[in-house]
Each structure stands twice: as structure tokens, then as C-alpha cells.
Amino acid sequence: MRTNMLAGTAVAALLWGIAAAAVADGGASPTECDRLAAHPSDPDKVVEGVSQAQVLGWSNAAIHACQQAVAAEPGNARVRYQLGRVLFYTGRQVDALPHLEASAAARHRQAQFVLGLFYTDGVKDVLEADACRALALWQDAAAREHFAARVALSRDYLRAAYDRCEDRPSKERVAGFLDSAGREARDYYQRLLISWAREMLDARP
């Protein structure tokens with residue numbers, strides 16, 4: 001039991017520390033919202049991205065810039081996600097969720113991943129936990145090469161979080177997610193933890 005708890009904690013730390021390698025939408029023109037609020041782990045970002053601490057340091061400017069960007073391009077899933085990110089960091093979770101939901105509905109991979117995290121644990125007084133909703137978000141993002149979604153989905157599959165979900169993935173599908181994540185792992189610790197998860201999956205009936 002203790003080993004499983006430690007391993008689960010290590011995997012959770014990995015999920016929050018992941019940095020994606022590629023910029024998928026390199027042809028898009030960066031906005032001030034991008035410069036002030038892009039997440040470093042967003043594979044669809046168009047700038048390098050900034051940390052949570054940096055965003056909080058200029059949160060008023062980031063909220064204003066992202067509100068302007070959303071007003072100019074309501075269908076831009078990337079800036080909708082970034083506005084949701086800033087609002088959530090500043091404690092405005094109720095205001096943040098519609099933007100995150102809209103971005104995820106437009107299949108922005110980072111929004112799907114983050115929203116899946118919220119549905120995994122719930123957000124107090126704002127959002128009830130829903131493992132099956134998290135699974136749906138993560139399966140779509142994982143199938144489109146979101147590294148963290150692949151690892152997170154595999155972790156929760158191993159925790160039997162999806163046993164009651166209608167679209168529960170097969171063991172083979174989860175193995176494929178782990179194998180592809182392993183090929184993209186960027187350091188020893190990522191490779192080690194993904195290898196551990198793969199061994200746990202192989203030992204599962």
C-alpha cells in the first residue's frame with residue numbers, strides 16, 4: 001500500500017512538471033495574452049510560456065489582455081484557455097470554467113488536460129468530481145499526442161478510476177499511450193515513472 005501511495009505521488013509530481021517539446025501552432029501571431037498567460041506545457045502555445053508565479057505578478061494586465069483577445073477572436077481556443085488559466089489562478093474559478101469548457105469543447109489539448117484534472121478531483125464549491133468526464137477529455141487529448149494526458153489517463157486507469165465509465169479504454173489502448181509517452185519522455189525521471197506504470201499495467205489482469 002505504501003509503495004503504491006509513493007508511486008502515485010511521484011506520478012502526480014511528474015504530471016505537474018511536464019514541459020511539452022513542440023509548438024503545434026507556430027503559424028499563429030502571438031497576442032499580448034499569449035505573452036502574459038501562455039502555459040509552458042501547452043503544446044499549442046505560440047510563445048515560450050510563463051510560470052504561474054509570473055502570471056500572478058502581472059495578473060491584472062494578463063486578464064485585461066486576454067479579455068481583449070477573446071473579444072477580438074471569440075472562437076480562438078488558445079486565448080480562451082489562457083484567460084481561463086489567469087482567472088483560475090486569481091481565485092475566480094467560477095469565471096474561469098466557462099472559458100476552459102469552451103476551449104476544451106473546441107478540442108484545445110491543454111484545456112482538455114487541465115479541465116480533466118479539475119474533474120478528477122473536483123473544485124470545492126465550484127465543480128463536482130466526475131472521473132468519466134475527465135476520461136473523455138483526456139482520451140481525446142491523449143489520442144492527439146498530449147503527453148501529460150497520456151500519463152494522467154494511464155495513472156487513473158491503474159487506479160481503477162474508470163471502471164464504471166462506458167468509454168473505458170482497453171488495456172491495449174492505455175499501453176499504447178504509455179509507450180508513446182515513453183518515446184517522448186525528456187529526462188530520466190519521466191522515463192523511470194513511465195516504465196514503472198507500464199510494468200504495473202502489464203501485471204494487471
# chains A, B, ... in the order shown; residues from 1 in each chain; ligands from 1
>>> residues_around(residues="segment 112-129 of chain A", least_positions_apart="5", cutoff="8 Å", atoms="only C-alpha atoms", output="ChimeraX atom specification")
/A:93-94,100-101,103-104,107,134-135,137-138,141,148-149
>>> residues_around(residues="segment 153-156 of chain A", least_positions_apart="6", cutoff="9 Å", atoms="only C-alpha atoms", output="list of chain:residue names")
A:Gly8, A:Val11, A:Ala12, A:Thr120, A:Ala131, A:Ala134, A:Leu135, A:Trp138, A:Gln139, A:Ala142, A:Tyr162, A:Val174, A:Ala175, A:Phe177, A:Leu178, A:Ala197, A:Arg198, A:Leu201
>>> write_last_selection(atoms="N, CA and C atoms", output="CSV table (one decimal), in the first residue's frame")
chain,number,residue,atom,x,y,z
A,8,GLY,N,2.2,6.8,-6.6
A,8,GLY,CA,1.1,7.7,-7.1
A,8,GLY,C,1.5,9.1,-6.9
A,11,VAL,N,4.1,10.1,-9.6
A,11,VAL,CA,3.4,10.3,-10.9
A,11,VAL,C,2.7,11.6,-10.9
A,12,ALA,N,2.0,12.0,-9.8
A,12,ALA,CA,1.3,13.3,-9.8
A,12,ALA,C,2.3,14.4,-9.9
A,120,THR,N,-11.2,15.4,-12.2
A,120,THR,CA,-10.6,14.2,-11.5
A,120,THR,C,-10.8,14.4,-10.0
A,131,ALA,N,-15.1,11.3,-12.8
A,131,ALA,CA,-14.0,10.6,-13.5
A,131,ALA,C,-14.2,10.3,-14.9
A,134,ALA,N,-13.6,13.4,-17.0
A,134,ALA,CA,-12.1,13.5,-17.1
A,134,ALA,C,-11.6,12.6,-18.1
A,135,LEU,N,-12.1,11.3,-18.1
A,135,LEU,CA,-11.6,10.3,-19.1
A,135,LEU,C,-11.9,10.8,-20.5
A,138,TRP,N,-9.4,13.5,-21.5
A,138,TRP,CA,-8.0,13.0,-21.6
A,138,TRP,C,-7.9,12.0,-22.8
A,139,GLN,N,-8.9,11.2,-23.0
A,139,GLN,CA,-8.7,10.3,-24.2
A,139,GLN,C,-8.6,11.1,-25.5
A,142,ALA,N,-5.1,12.8,-25.4
A,142,ALA,CA,-4.1,11.7,-25.5
A,142,ALA,C,-3.9,11.2,-26.9
A,162,TYR,N,-11.8,4.4,-13.8
A,162,TYR,CA,-12.7,4.4,-14.9
A,162,TYR,C,-13.5,3.2,-15.1
A,174,VAL,N,-4.4,1.8,-23.4
A,174,VAL,CA,-3.6,2.5,-22.4
A,174,VAL,C,-2.1,2.2,-22.6
A,175,ALA,N,-1.8,0.9,-22.9
A,175,ALA,CA,-0.4,0.6,-23.2
A,175,ALA,C,0.2,1.4,-24.3
A,177,PHE,N,-0.7,4.4,-25.1
A,177,PHE,CA,-0.5,5.8,-24.6
A,177,PHE,C,0.8,5.8,-23.8
A,178,LEU,N,1.1,4.8,-23.0
A,178,LEU,CA,2.3,4.8,-22.2
A,178,LEU,C,3.5,4.7,-23.1
A,197,ALA,N,4.9,2.6,-14.6
A,197,ALA,CA,3.5,2.5,-14.9
A,197,ALA,C,3.2,1.4,-16.0
A,198,ARG,N,4.1,1.2,-16.9
A,198,ARG,CA,4.0,0.2,-17.9
A,198,ARG,C,4.1,-1.2,-17.3
A,201,LEU,N,0.9,-1.9,-15.5
A,201,LEU,CA,-0.1,-2.2,-16.5
A,201,LEU,C,0.0,-3.7,-17.0
>>> select_by_dssp(residues="chain A", states="alpha helix (DSSP H)", output="ChimeraX atom specification")
/A:2-17,32-37,52-57,59-72,77-89,93-105,109-121,131-143,147-158,171-184,188-203
>>> residues_around(residues="Thr31 of chain A", least_positions_apart="6", cutoff="10 Å", atoms="only C-alpha atoms", output="VMD selection string")
chain A and resid 37 to 38 46 to 47 65 to 66 68 to 69 79
>>> closest_residue(among="A:Cys165, A:Val55, A:Ala185, A:Cys33", to="Arg78 of chain A", atoms="only C-alpha atoms")
A:Cys33
>>> atom_distance(atom1="atom CA of Arg144 of chain A", atom2="atom CA of Pro43 of chain A")
10.5 Å
>>> closest_residue(among="A:His108, A:Ala161, A:Ala96, A:Leu56", to="Gly75 of chain A", atoms="only C-alpha atoms")
A:His108
>>> atom_distance(atom1="atom CA of Ala61 of chain A", atom2="atom CA of Asp95 of chain A")
16.7 Å
>>> closest_residue(among="A:Arg186, A:Arg109, A:Arg133, A:His64", to="Glu145 of chain A", atoms="only C-alpha atoms")
A:Arg109
>>> atom_distance(atom1="atom CA of Asp140 of chain A", atom2="atom CA of Gly176 of chain A")
13.8 Å
